[in-house]
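Dropping entry.cif in here (mmCIF, C-alpha atoms and all ligand atoms):
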data_entry
#
loop_
_atom_site.label_atom_id
_atom_site.label_comp_id
_atom_site.auth_asym_id
_atom_site.auth_seq_id
_atom_site.Cartn_x
_atom_site.Cartn_y
_atom_site.Cartn_z
CA MET A 143 -5.09 -50.31 -5.14
CA THR A 144 -4.63 -53.63 -3.32
CA PRO A 145 -7.34 -54.22 -0.70
CA LEU A 146 -5.99 -54.18 2.87
CA SER A 147 -6.89 -57.84 3.39
CA GLU A 148 -4.58 -58.91 0.52
CA LEU A 149 -1.48 -56.97 1.53
CA GLN A 150 1.58 -59.20 1.94
CA PHE A 151 3.18 -57.54 4.96
CA PRO A 152 0.53 -57.31 7.66
CA GLU A 153 3.18 -56.67 10.29
CA VAL A 154 3.20 -52.88 9.77
CA ALA A 155 2.30 -50.76 12.78
CA GLU A 156 -1.40 -50.29 13.44
CA ASN A 157 -1.26 -46.57 12.57
CA ILE A 158 0.28 -47.32 9.16
CA ALA A 159 -2.43 -49.89 8.46
CA ARG A 160 -5.05 -47.22 9.23
CA LEU A 161 -3.70 -44.80 6.62
CA VAL A 162 -5.87 -44.53 3.52
CA PRO A 163 -4.07 -43.84 0.20
CA TYR A 164 -4.96 -40.40 -1.15
CA VAL A 165 -7.47 -40.48 -4.01
CA PRO A 166 -6.68 -37.55 -6.34
CA GLY A 167 -8.96 -36.05 -9.01
CA LYS A 168 -8.93 -38.41 -12.01
CA PRO A 169 -6.17 -37.54 -14.50
CA ILE A 170 -7.34 -36.60 -18.01
CA GLU A 171 -5.28 -39.40 -19.64
CA GLU A 172 -6.91 -42.01 -17.39
CA VAL A 173 -10.41 -40.96 -18.47
CA GLU A 174 -9.28 -40.96 -22.10
CA ARG A 175 -7.95 -44.51 -21.70
CA GLU A 176 -10.96 -45.80 -19.80
CA LEU A 177 -13.78 -44.17 -21.78
CA GLY A 178 -12.09 -43.78 -25.17
CA ILE A 179 -13.08 -40.11 -25.43
CA THR A 180 -10.97 -37.03 -26.05
CA GLY A 181 -11.33 -33.32 -25.38
CA ILE A 182 -11.72 -33.93 -21.68
CA ILE A 183 -12.00 -31.04 -19.23
CA LYS A 184 -10.67 -31.44 -15.71
CA LEU A 185 -12.49 -29.43 -13.08
CA ALA A 186 -11.54 -31.78 -10.26
CA SER A 187 -8.36 -30.55 -8.58
CA ASN A 188 -8.73 -26.77 -8.33
CA GLU A 189 -5.93 -26.15 -10.80
CA ASN A 190 -5.69 -22.88 -12.72
CA SER A 191 -7.19 -23.42 -16.18
CA LEU A 192 -5.43 -20.30 -17.42
CA GLY A 193 -2.19 -22.27 -17.05
CA PRO A 194 1.16 -21.12 -15.66
CA SER A 195 2.62 -17.65 -16.01
CA PRO A 196 4.46 -17.31 -19.35
CA LYS A 197 7.41 -16.09 -17.26
CA ALA A 198 7.46 -19.42 -15.40
CA ILE A 199 7.41 -21.37 -18.66
CA GLU A 200 10.34 -19.33 -19.96
CA ALA A 201 12.31 -19.82 -16.71
CA VAL A 202 11.89 -23.61 -16.91
CA ARG A 203 12.83 -23.64 -20.59
CA ARG A 204 16.03 -21.70 -19.84
CA LEU A 205 16.96 -24.18 -17.12
CA ALA A 206 16.22 -27.44 -18.95
CA ALA A 207 19.85 -28.04 -19.99
CA LYS A 208 20.99 -27.72 -16.37
CA MET A 209 18.89 -30.55 -14.98
CA HIS A 210 22.00 -32.65 -14.31
CA HIS A 211 22.63 -30.39 -11.30
CA TYR A 212 21.02 -30.82 -7.92
CA PRO A 213 18.74 -27.95 -6.99
CA ASP A 214 19.82 -25.36 -4.40
CA ALA A 215 18.89 -27.08 -1.13
CA SER A 216 18.24 -23.72 0.53
CA SER A 217 16.07 -22.35 -2.32
CA PHE A 218 18.14 -19.15 -1.93
CA ARG A 219 16.88 -17.17 -4.92
CA LEU A 220 13.27 -18.26 -4.51
CA ARG A 221 13.41 -17.60 -0.75
CA ASN A 222 14.55 -14.04 -1.33
CA ALA A 223 12.01 -13.44 -4.08
CA VAL A 224 9.09 -14.69 -1.96
CA ALA A 225 10.35 -12.93 1.18
CA SER A 226 10.58 -9.59 -0.60
CA GLN A 227 7.22 -10.06 -2.34
CA LEU A 228 5.48 -10.83 0.97
CA GLY A 229 7.49 -8.47 3.20
CA LEU A 230 8.83 -11.29 5.38
CA ALA A 231 12.31 -12.19 6.60
CA PRO A 232 13.82 -14.98 4.44
CA GLU A 233 14.32 -17.23 7.49
CA THR A 234 10.56 -17.33 8.14
CA LEU A 235 10.05 -19.48 5.02
CA VAL A 236 10.21 -23.26 4.57
CA PHE A 237 9.71 -24.57 1.03
CA GLY A 238 8.20 -27.93 0.22
CA ASN A 239 7.31 -30.38 -2.53
CA GLY A 240 3.85 -28.82 -2.54
CA SER A 241 2.27 -27.53 0.65
CA ASP A 242 1.39 -31.22 1.22
CA ASP A 243 5.06 -31.65 2.08
CA ILE A 244 4.89 -28.94 4.76
CA ILE A 245 1.78 -30.56 6.28
CA HIS A 246 3.72 -33.84 6.42
CA LEU A 247 6.75 -32.11 7.95
CA LEU A 248 4.62 -30.36 10.59
CA GLY A 249 3.30 -33.75 11.68
CA VAL A 250 6.71 -35.44 11.71
CA THR A 251 8.36 -32.53 13.51
CA PHE A 252 5.83 -31.58 16.15
CA LEU A 253 3.67 -34.62 16.91
CA GLU A 254 4.56 -37.26 19.43
CA PRO A 255 2.36 -40.31 20.02
CA GLY A 256 -0.64 -39.25 22.09
CA ASP A 257 -0.52 -35.58 21.07
CA GLU A 258 -3.81 -34.39 19.63
CA VAL A 259 -4.71 -32.67 16.38
CA ILE A 260 -7.87 -30.68 15.65
CA GLN A 261 -9.32 -29.90 12.21
CA GLY A 262 -12.66 -29.03 10.62
CA ASP A 263 -14.83 -31.58 8.81
CA PRO A 264 -15.27 -31.65 5.86
CA SER A 265 -11.88 -30.17 5.13
CA PHE A 266 -8.58 -31.09 3.51
CA VAL A 267 -7.85 -34.76 4.13
CA ARG A 268 -4.07 -34.62 4.49
CA TYR A 269 -4.08 -33.21 8.04
CA GLU A 270 -5.66 -36.34 9.46
CA ALA A 271 -3.13 -38.44 7.50
CA ALA A 272 -0.27 -36.52 9.17
CA ALA A 273 -1.91 -37.14 12.56
CA ILE A 274 -2.37 -40.88 11.99
CA LEU A 275 1.18 -41.25 10.67
CA ASN A 276 2.50 -39.82 13.92
CA LYS A 277 0.13 -41.74 16.22
CA ALA A 278 -1.74 -38.60 17.21
CA PRO A 279 -5.56 -38.74 17.53
CA CYS A 280 -7.27 -36.23 15.23
CA HIS A 281 -10.52 -34.53 16.27
CA LEU A 282 -12.68 -33.90 13.20
CA VAL A 283 -14.95 -31.04 14.24
CA PRO A 284 -18.06 -30.65 12.03
CA LEU A 285 -18.42 -27.35 10.17
CA THR A 286 -21.46 -25.18 10.97
CA SER A 287 -24.66 -25.65 8.94
CA ASP A 288 -23.29 -22.89 6.63
CA TRP A 289 -20.19 -25.06 6.00
CA VAL A 290 -17.90 -22.69 7.95
CA HIS A 291 -15.22 -23.81 10.46
CA ASP A 292 -16.91 -23.93 13.88
CA LEU A 293 -14.11 -22.24 15.79
CA ASP A 294 -15.98 -22.33 19.13
CA ALA A 295 -16.48 -26.10 18.86
CA MET A 296 -12.83 -26.52 17.78
CA LYS A 297 -11.63 -24.48 20.75
CA ALA A 298 -13.76 -26.62 23.06
CA LYS A 299 -11.64 -29.62 21.97
CA VAL A 300 -8.37 -27.99 23.06
CA ASN A 301 -6.71 -29.65 26.05
CA ALA A 302 -3.22 -30.20 27.46
CA LYS A 303 -2.44 -32.74 24.70
CA THR A 304 -3.40 -30.48 21.78
CA ARG A 305 -0.42 -29.77 19.53
CA LEU A 306 -1.61 -28.86 16.01
CA ILE A 307 -4.83 -27.16 14.89
CA PHE A 308 -5.51 -26.87 11.16
CA ILE A 309 -7.79 -24.11 9.87
CA THR A 310 -8.28 -24.13 6.10
CA ASN A 311 -9.01 -20.61 4.94
CA PRO A 312 -10.71 -20.67 2.46
CA ASN A 313 -11.82 -24.19 3.25
CA ASN A 314 -11.58 -27.07 0.79
CA PRO A 315 -14.15 -28.45 -0.26
CA THR A 316 -16.61 -25.73 0.82
CA GLY A 317 -14.90 -22.47 -0.27
CA THR A 318 -15.93 -20.74 2.98
CA ILE A 319 -13.76 -18.45 5.12
CA VAL A 320 -13.33 -17.65 8.79
CA THR A 321 -13.17 -13.90 9.46
CA ARG A 322 -10.38 -11.94 11.09
CA ALA A 323 -12.56 -11.20 14.14
CA ALA A 324 -13.43 -14.90 14.60
CA LEU A 325 -9.81 -15.94 14.20
CA ASP A 326 -8.58 -13.30 16.67
CA ARG A 327 -11.05 -14.62 19.24
CA PHE A 328 -9.99 -18.21 18.54
CA LEU A 329 -6.25 -17.53 18.90
CA ASP A 330 -6.74 -15.63 22.13
CA GLY A 331 -5.78 -17.69 25.17
CA LEU A 332 -4.67 -20.89 23.38
CA PRO A 333 -2.01 -22.84 25.35
CA ASP A 334 1.60 -22.08 24.37
CA ARG A 335 2.29 -25.60 23.05
CA VAL A 336 -0.44 -25.30 20.40
CA LEU A 337 0.59 -24.45 16.85
CA VAL A 338 -2.22 -23.14 14.65
CA VAL A 339 -1.78 -23.89 10.95
CA LEU A 340 -3.66 -21.53 8.63
CA ASP A 341 -3.81 -23.32 5.30
CA GLU A 342 -4.18 -20.52 2.73
CA ALA A 343 -3.87 -22.62 -0.43
CA TYR A 344 -6.59 -20.45 -2.05
CA TYR A 345 -5.42 -17.12 -0.56
CA GLU A 346 -5.23 -15.24 -3.87
CA TYR A 347 -8.94 -15.84 -4.57
CA ALA A 348 -10.08 -14.71 -1.11
CA THR A 349 -7.92 -11.77 -0.21
CA ALA A 350 -10.16 -9.07 -1.73
CA ASP A 351 -12.80 -9.73 0.96
CA PRO A 352 -12.25 -7.17 3.75
CA ASP A 353 -13.22 -9.75 6.42
CA TYR A 354 -10.61 -12.24 5.22
CA PRO A 355 -7.74 -12.31 7.73
CA GLN A 356 -4.16 -11.69 6.60
CA GLY A 357 -2.63 -14.79 8.18
CA LEU A 358 0.90 -13.47 7.66
CA ASP A 359 0.15 -10.66 10.16
CA TYR A 360 0.05 -13.30 12.90
CA VAL A 361 3.44 -14.60 11.76
CA ARG A 362 4.85 -11.04 11.74
CA ASP A 363 3.47 -10.60 15.28
CA GLY A 364 5.45 -13.66 16.42
CA ARG A 365 2.38 -15.80 17.20
CA ASN A 366 2.32 -19.62 17.25
CA VAL A 367 0.91 -19.62 13.73
CA VAL A 368 2.12 -21.27 10.52
CA VAL A 369 0.68 -20.00 7.23
CA LEU A 370 0.67 -22.43 4.31
CA ARG A 371 0.69 -21.15 0.75
CA THR A 372 1.00 -23.00 -2.54
CA PHE A 373 2.00 -22.35 -6.14
CA SER A 374 -0.43 -25.09 -7.26
CA LYS A 375 -3.60 -23.00 -7.47
CA ALA A 376 -3.65 -19.35 -8.63
CA TYR A 377 -0.01 -19.58 -9.79
CA GLY A 378 -0.78 -22.56 -12.02
CA LEU A 379 2.26 -24.68 -11.06
CA ALA A 380 0.55 -27.80 -9.63
CA GLY A 381 2.66 -30.12 -11.81
CA HIS A 382 5.89 -28.74 -10.37
CA ARG A 383 4.88 -29.44 -6.77
CA ILE A 384 5.90 -26.40 -4.80
CA GLY A 385 4.47 -24.67 -1.75
CA PHE A 386 5.76 -23.10 1.44
CA GLY A 387 5.08 -22.34 5.05
CA ALA A 388 5.69 -18.97 6.72
CA MET A 389 6.35 -19.03 10.46
CA ARG A 390 8.55 -17.66 13.25
CA PRO A 391 12.21 -18.47 12.50
CA ASP A 392 12.48 -20.70 15.60
CA ILE A 393 9.58 -22.85 14.32
CA ALA A 394 11.07 -22.89 10.79
CA ALA A 395 14.41 -24.06 12.20
CA TRP A 396 12.79 -27.27 13.50
CA LEU A 397 11.26 -28.02 10.09
CA GLU A 398 14.67 -27.46 8.48
CA ARG A 399 15.89 -30.46 10.51
CA THR A 400 13.20 -32.84 9.23
CA ARG A 401 13.00 -31.56 5.65
CA GLU A 402 14.73 -33.60 2.97
CA PRO A 403 17.62 -31.54 1.58
CA PHE A 404 16.44 -31.51 -2.03
CA ASN A 405 12.67 -31.55 -1.48
CA VAL A 406 12.08 -28.74 -3.99
CA ASN A 407 13.34 -29.51 -7.46
CA LEU A 408 15.33 -27.26 -9.77
CA MET A 409 12.50 -26.45 -12.21
CA ALA A 410 9.99 -25.82 -9.45
CA GLN A 411 12.25 -23.27 -7.77
CA ALA A 412 12.83 -21.40 -11.02
CA ALA A 413 9.17 -21.51 -12.05
CA ALA A 414 7.99 -20.27 -8.66
CA GLU A 415 10.59 -17.49 -8.57
CA ALA A 416 9.30 -16.22 -11.92
CA ALA A 417 5.64 -16.75 -11.01
CA ILE A 418 5.68 -14.88 -7.69
CA THR A 419 6.50 -11.61 -9.42
CA ASP A 420 3.96 -12.05 -12.23
CA VAL A 421 1.18 -10.21 -10.41
CA GLU A 422 -0.61 -9.58 -13.69
CA HIS A 423 -1.04 -13.30 -14.34
CA VAL A 424 -2.45 -13.84 -10.85
CA ALA A 425 -4.80 -10.86 -11.31
CA ASN A 426 -6.02 -12.31 -14.64
CA SER A 427 -6.54 -15.70 -13.00
CA VAL A 428 -8.56 -14.19 -10.17
CA ALA A 429 -10.63 -12.12 -12.66
CA MET A 430 -11.37 -15.26 -14.70
CA ASN A 431 -12.48 -16.96 -11.51
CA THR A 432 -14.74 -14.08 -10.49
CA ALA A 433 -16.47 -14.15 -13.88
CA GLY A 434 -16.83 -17.96 -13.78
CA LYS A 435 -18.25 -17.81 -10.28
CA ARG A 436 -21.07 -15.55 -11.53
CA ASP A 437 -21.88 -17.93 -14.39
CA PHE A 438 -21.94 -20.90 -12.00
CA TYR A 439 -24.17 -19.14 -9.46
CA ALA A 440 -26.66 -18.05 -12.14
CA ALA A 441 -26.90 -21.58 -13.56
CA PHE A 442 -27.16 -23.28 -10.15
CA GLU A 443 -29.95 -20.88 -9.15
CA GLU A 444 -31.82 -21.58 -12.39
CA LEU A 445 -31.36 -25.35 -11.84
CA ASN A 446 -32.47 -24.99 -8.22
CA LEU A 447 -29.24 -26.47 -6.89
CA PRO A 448 -28.21 -25.07 -3.49
CA TYR A 449 -24.58 -23.90 -3.50
CA THR A 450 -22.18 -22.36 -1.03
CA PRO A 451 -20.85 -18.92 -2.10
CA THR A 452 -17.13 -19.47 -2.59
CA HIS A 453 -13.96 -17.55 -1.72
CA ALA A 454 -11.86 -20.00 -3.72
CA ASN A 455 -11.64 -21.36 -7.29
CA PHE A 456 -14.25 -24.08 -6.84
CA VAL A 457 -17.89 -24.36 -5.83
CA TRP A 458 -19.50 -26.80 -3.42
CA VAL A 459 -22.93 -27.50 -4.86
CA ASP A 460 -25.77 -29.76 -3.81
CA MET A 461 -27.03 -32.02 -6.64
CA ARG A 462 -30.00 -33.02 -4.44
CA ARG A 463 -29.46 -36.65 -5.51
CA ASP A 464 -26.67 -39.19 -5.29
CA CYS A 465 -23.71 -37.10 -6.49
CA ARG A 466 -22.01 -40.21 -7.92
CA GLU A 467 -24.75 -40.49 -10.58
CA VAL A 468 -24.15 -36.90 -11.67
CA TYR A 469 -20.38 -37.34 -11.46
CA THR A 470 -20.54 -40.40 -13.75
CA ALA A 471 -22.89 -38.73 -16.22
CA LEU A 472 -20.53 -35.74 -16.40
CA LEU A 473 -17.53 -38.03 -16.81
CA HIS A 474 -19.14 -39.69 -19.83
CA ARG A 475 -19.59 -36.22 -21.30
CA GLY A 476 -15.86 -35.54 -20.80
CA ILE A 477 -16.01 -33.45 -17.61
CA ILE A 478 -14.09 -34.55 -14.50
CA THR A 479 -15.40 -33.20 -11.19
CA ARG A 480 -15.17 -34.38 -7.59
CA THR A 481 -17.89 -36.06 -5.53
CA GLY A 482 -18.55 -35.25 -1.87
CA THR A 483 -18.13 -38.92 -0.97
CA PRO A 484 -14.55 -38.67 0.41
CA TRP A 485 -16.05 -36.27 2.97
CA HIS A 486 -19.15 -38.44 3.51
CA VAL A 487 -21.41 -35.82 1.95
CA PRO A 488 -23.35 -37.94 -0.54
CA THR A 489 -25.23 -35.31 -2.57
CA TYR A 490 -22.58 -32.62 -3.13
CA LEU A 491 -20.14 -32.09 -5.99
CA ARG A 492 -17.04 -29.91 -5.84
CA VAL A 493 -16.37 -28.33 -9.18
CA THR A 494 -13.39 -26.17 -10.10
CA ILE A 495 -14.11 -22.89 -11.88
CA GLY A 496 -12.32 -23.03 -15.23
CA THR A 497 -12.09 -20.87 -18.34
CA GLN A 498 -15.29 -19.41 -19.77
CA ALA A 499 -15.38 -22.16 -22.43
CA GLU A 500 -14.80 -24.94 -19.89
CA ASN A 501 -17.47 -23.55 -17.59
CA ALA A 502 -19.97 -23.37 -20.45
CA LYS A 503 -19.27 -27.00 -21.41
CA PHE A 504 -19.60 -28.09 -17.81
CA LEU A 505 -22.92 -26.29 -17.36
CA SER A 506 -24.33 -27.69 -20.57
CA ALA A 507 -23.24 -31.24 -19.58
CA LEU A 508 -24.73 -30.69 -16.13
CA ARG A 509 -28.09 -29.71 -17.61
CA GLU A 510 -28.09 -32.94 -19.62
CA ALA A 511 -26.93 -35.01 -16.63
CA LEU A 512 -29.78 -33.72 -14.51
CA LEU A 513 -32.52 -34.50 -17.05
C1 LIG B 1 -6.52 -26.76 1.36
C2 LIG B 1 -5.38 -27.38 0.65
N1 LIG B 1 -4.19 -27.43 1.24
C3 LIG B 1 -3.13 -27.98 0.65
C4 LIG B 1 -3.24 -28.52 -0.62
C5 LIG B 1 -2.02 -29.16 -1.23
O1 LIG B 1 -1.54 -28.38 -2.24
P1 LIG B 1 -0.10 -28.61 -2.88
O2 LIG B 1 0.54 -29.77 -2.19
O3 LIG B 1 -0.33 -28.83 -4.31
O4 LIG B 1 0.64 -27.33 -2.57
C6 LIG B 1 -4.45 -28.50 -1.29
C7 LIG B 1 -4.59 -29.12 -2.61
O5 LIG B 1 -5.63 -29.32 -3.15
C8 LIG B 1 -5.56 -27.91 -0.64
O6 LIG B 1 -6.76 -27.88 -1.21
#
How does the structure come out when it is put into structure tokens?
Ligand SMILES: Cc1ncc(COP(=O)(O)O)c(C=O)c1O
Amino acid sequence: MTPLSELQFPEVAENIARLVPYVPGKPIEEVERELGITGIIKLASNENSLGPSPKAIEAVRRLAAKMHHYPDASSFRLRNAVASQLGLAPETLVFGNGSDDIIHLLGVTFLEPGDEVIQGDPSFVRYEAAAILNKAPCHLVPLTSDWVHDLDAMKAKVNAKTRLIFITNPNNPTGTIVTRAALDRFLDGLPDRVLVVLDEAYYEYATADPDYPQGLDYVRDGRNVVVLRTFSKAYGLAGHRIGFGAMRPDIAAWLERTREPFNVNLMAQAAAEAAITDVEHVANSVAMNTAGKRDFYAAFEELNLPYTPTHANFVWVDMRRDCREVYTALLHRGIITRTGTPWHVPTYLRVTIGTQAENAKFLSALREALL
């Protein structure tokens, strides 16, 4: 990436100059090219190592010869499939090129310069990007010492300018949740112009916990709440880029004005429509994750590495040394993880829970890396 000082067109607006390009988990092919090794395992982007539903693969295969057509701009079939699966009215749903797209649209649609945004820290980095893009200051409110959203401190930041509040549940990178009781308290008495965005990208991994709130209940109750879901995680469709927001129809109608007409491609719609009904594949993915979580916890305890119990498909674990050293040592052993450095947490790694074989390779490489 070109350093800021060398960019040719310095006359962009100050807010655009402040935007930082997103740094994704390293792609497998890039590590192969750079290090000349093969058999690489990627545990860096919280993808589903079990892969996509076979039904999604079949749906895409069937559609391949029709790719000369534009996709259905209204995602009609997918909309009805998701609505009936979730017990929602079809007009409550807005589909996007990943849930990233919906975060972007929320910013473009609802933020005016000077409006304020509130989010936890560390948490998902794209909320702040949406705020900066729309000239809205973003309050980054530190998580508690247990790495949980500090809803009291977030509420204390609310004022007449507050427009969007992002709560990531479970949170990325920490895997922690806010409970139904805490969220009820938080939502109570918020000003009418505030929209609370519950980002439930990892919903499927968390929902078995009785304290985990069902965000869609707030939508059904007509609250100022948007729930974000994605097909990139438990559904295994990250490469297709598809996610959605569920919200009151009047809120959805505004996003329909800012959304690009063909923001969800043909294959993604078909794959997601097939995947949403494959409950068995999701159940298998969650079961794989539960087993992997146990293996990770046991190893981290034996290695004396503090970790945060997770409600998602990754673990936030303290290496008790510069995490970049461990990251690099793992990379040279063919394992891609994520350092805590983007969140300014210099000793933590975030590692995705993979298949049993991937987890075993990761743990064995970790033991070597820590020697
Ligand atoms: C909390 C959270 N929200 C949103 C996203 C974006 O997901 P996608 O755009 O793939 O739907 C991610 C991806 O890692 C995430 O962790």
Q.
Quick check, in Å to one decimal: how far apart do atom CA of Tyr490 of chain A and atom CA of Ala507 of chain A lie?
A. 16.5 Å
Q: Check which residues fall inside 10 Å of ligand LIG 1 (chain B) when counting all atoms listed in the file, and print them as a PyMOL selection string.
A: chain A and resi 166-167+186-189+238-245+265-269+308-315+317+340-345+370-375+378-386+454
Residue selection dump (C-alpha atoms) as a PDB file, keeping the file's coordinate frame:
ATOM      1  CA  PRO A 166      -6.680 -37.550  -6.340  1.00  0.00           C
ATOM      2  CA  GLY A 167      -8.960 -36.050  -9.010  1.00  0.00           C
ATOM      3  CA  ALA A 186     -11.540 -31.780 -10.260  1.00  0.00           C
ATOM      4  CA  SER A 187      -8.360 -30.550  -8.580  1.00  0.00           C
ATOM      5  CA  ASN A 188      -8.730 -26.770  -8.330  1.00  0.00           C
ATOM      6  CA  GLU A 189      -5.930 -26.150 -10.800  1.00  0.00           C
ATOM      7  CA  GLY A 238       8.200 -27.930   0.220  1.00  0.00           C
ATOM      8  CA  ASN A 239       7.310 -30.380  -2.530  1.00  0.00           C
ATOM      9  CA  GLY A 240       3.850 -28.820  -2.540  1.00  0.00           C
ATOM     10  CA  SER A 241       2.270 -27.530   0.650  1.00  0.00           C
ATOM     11  CA  ASP A 242       1.390 -31.220   1.220  1.00  0.00           C
ATOM     12  CA  ASP A 243       5.060 -31.650   2.080  1.00  0.00           C
ATOM     13  CA  ILE A 244       4.890 -28.940   4.760  1.00  0.00           C
ATOM     14  CA  ILE A 245       1.780 -30.560   6.280  1.00  0.00           C
ATOM     15  CA  SER A 265     -11.880 -30.170   5.130  1.00  0.00           C
ATOM     16  CA  PHE A 266      -8.580 -31.090   3.510  1.00  0.00           C
ATOM     17  CA  VAL A 267      -7.850 -34.760   4.130  1.00  0.00           C
ATOM     18  CA  ARG A 268      -4.070 -34.620   4.490  1.00  0.00           C
ATOM     19  CA  TYR A 269      -4.080 -33.210   8.040  1.00  0.00           C
ATOM     20  CA  PHE A 308      -5.510 -26.870  11.160  1.00  0.00           C
ATOM     21  CA  ILE A 309      -7.790 -24.110   9.870  1.00  0.00           C
ATOM     22  CA  THR A 310      -8.280 -24.130   6.100  1.00  0.00           C
ATOM     23  CA  ASN A 311      -9.010 -20.610   4.940  1.00  0.00           C
ATOM     24  CA  PRO A 312     -10.710 -20.670   2.460  1.00  0.00           C
ATOM     25  CA  ASN A 313     -11.820 -24.190   3.250  1.00  0.00           C
ATOM     26  CA  ASN A 314     -11.580 -27.070   0.790  1.00  0.00           C
ATOM     27  CA  PRO A 315     -14.150 -28.450  -0.260  1.00  0.00           C
ATOM     28  CA  GLY A 317     -14.900 -22.470  -0.270  1.00  0.00           C
ATOM     29  CA  LEU A 340      -3.660 -21.530   8.630  1.00  0.00           C
ATOM     30  CA  ASP A 341      -3.810 -23.320   5.300  1.00  0.00           C
ATOM     31  CA  GLU A 342      -4.180 -20.520   2.730  1.00  0.00           C
ATOM     32  CA  ALA A 343      -3.870 -22.620  -0.430  1.00  0.00           C
ATOM     33  CA  TYR A 344      -6.590 -20.450  -2.050  1.00  0.00           C
ATOM     34  CA  TYR A 345      -5.420 -17.120  -0.560  1.00  0.00           C
ATOM     35  CA  LEU A 370       0.670 -22.430   4.310  1.00  0.00           C
ATOM     36  CA  ARG A 371       0.690 -21.150   0.750  1.00  0.00           C
ATOM     37  CA  THR A 372       1.000 -23.000  -2.540  1.00  0.00           C
ATOM     38  CA  PHE A 373       2.000 -22.350  -6.140  1.00  0.00           C
ATOM     39  CA  SER A 374      -0.430 -25.090  -7.260  1.00  0.00           C
ATOM     40  CA  LYS A 375      -3.600 -23.000  -7.470  1.00  0.00           C
ATOM     41  CA  GLY A 378      -0.780 -22.560 -12.020  1.00  0.00           C
ATOM     42  CA  LEU A 379       2.260 -24.680 -11.060  1.00  0.00           C
ATOM     43  CA  ALA A 380       0.550 -27.800  -9.630  1.00  0.00           C
ATOM     44  CA  GLY A 381       2.660 -30.120 -11.810  1.00  0.00           C
ATOM     45  CA  HIS A 382       5.890 -28.740 -10.370  1.00  0.00           C
ATOM     46  CA  ARG A 383       4.880 -29.440  -6.770  1.00  0.00           C
ATOM     47  CA  ILE A 384       5.900 -26.400  -4.800  1.00  0.00           C
ATOM     48  CA  GLY A 385       4.470 -24.670  -1.750  1.00  0.00           C
ATOM     49  CA  PHE A 386       5.760 -23.100   1.440  1.00  0.00           C
ATOM     50  CA  ALA A 454     -11.860 -20.000  -3.720  1.00  0.00           C
TER      51      ALA A 454
END
Q: Please identify all polymer residues within 10 Å of Glu398 of chain A, counting only C-alpha atoms, omitting same-chain residues fewer than 3 positions from it, and present them as JSON, numbers by chain.
A: {"A": [216, 235, 236, 237, 247, 251, 393, 394, 395, 401, 402, 403]}
Q) So what do you get for atom CA of His453 of chain A versus atom CA of Ile319 of chain A, distance-wise? A)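 If I compute the distance from atom CA of His453 of chain A to atom CA of Ile319 of chain A, I get 6.9 Å.
Our summary of the geometry notes that atom CA of Met430 of chain A is positioned 7.8 Å from atom CA of Gly496 of chain A.
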(Q) Show me, as a VMD selection string, the residues that have an atom within 12 Å of Asp392 of chain A when counting only C-alpha atoms, minus same-chain residues fewer than 4 positions from it. (A) chain A and resid 233 to 236 361 364 to 368 388 396 to 399
Q: Go through A:Asn405, A:Thr450, A:Asn431, A:Thr481 and flag the residue nearest Val468 of chain A, using all atoms listed in the file for the distances.
A: A:Thr481
Q.
Excluding His474 of chain A and its own-chain neighbours fewer than 5 positions away, which residues fall within 10 Å of it when counting all atoms listed in the file? Please give them as number ranges by chain.
A. A: 173, 177-179, 182, 468-469, 507, 511
Write the residues of the preceding selection, restricted to C-alpha atoms, as a compact mmCIF listing (two decimals), in the frame of the given file.
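After the write, result-v4.txt holds the following:
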# COMPACT_ATOMS: atom_id res chain seq x y z
CA VAL A 173 -10.41 -40.96 -18.47
CA LEU A 177 -13.78 -44.17 -21.78
CA GLY A 178 -12.09 -43.78 -25.17
CA ILE A 179 -13.08 -40.11 -25.43
CA ILE A 182 -11.72 -33.93 -21.68
CA VAL A 468 -24.15 -36.90 -11.67
CA TYR A 469 -20.38 -37.34 -11.46
CA ALA A 507 -23.24 -31.24 -19.58
CA ALA A 511 -26.93 -35.01 -16.63
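Residue nearest Leu337 of chain A, chosen from A:Leu248, A:Leu358, A:Ile478, A:Ile274 and counting all atoms listed in the file: A:Leu248.
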Q.
Would you pick out the contacts of Glu500 of chain A at 9 Å or less, using all atoms listed in the file, so that residues sharing its chain but fewer than 3 positions from it are not included, and give the list as a list in words?
A. Ile183, Lys184, Leu185, Ser191, Ile477, Ile495, Gly496, Thr497, Lys503, Phe504 and Leu505 of chain A
Q. Out of A:Val165, A:Val259, A:Ala413, A:Leu253, which residue has the shortest atom-to-atom distance to Asn276 of chain A when counting all atoms listed in the file?
A. A:Leu253
Q) Which residues come within 10 Å of Arg335 of chain A, counting all atoms listed in the file, excluding same-chain residues fewer than 4 positions away, as a PyMOL selection string? A) chain A and resi 252+302-306+366
Q) Hey, which of A:Asp334, A:Glu444, A:Asp359, A:Asp214 ends up closest to Val406 of chain A? Count only C-alpha atoms. A) A:Asp214
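With all atoms listed in the file as the atoms that count, the minimum distance from Ala273 of chain A to the choices A:Ile158, A:Asp292, A:Asn455, A:Lys297 is reached by A:Ile158.
Take the candidates A:Ala295, A:Ala223, A:Val154, A:Ala350 and check each one against Gly262 of chain A using only C-alpha atoms; the shortest distance goes to A:Ala295.
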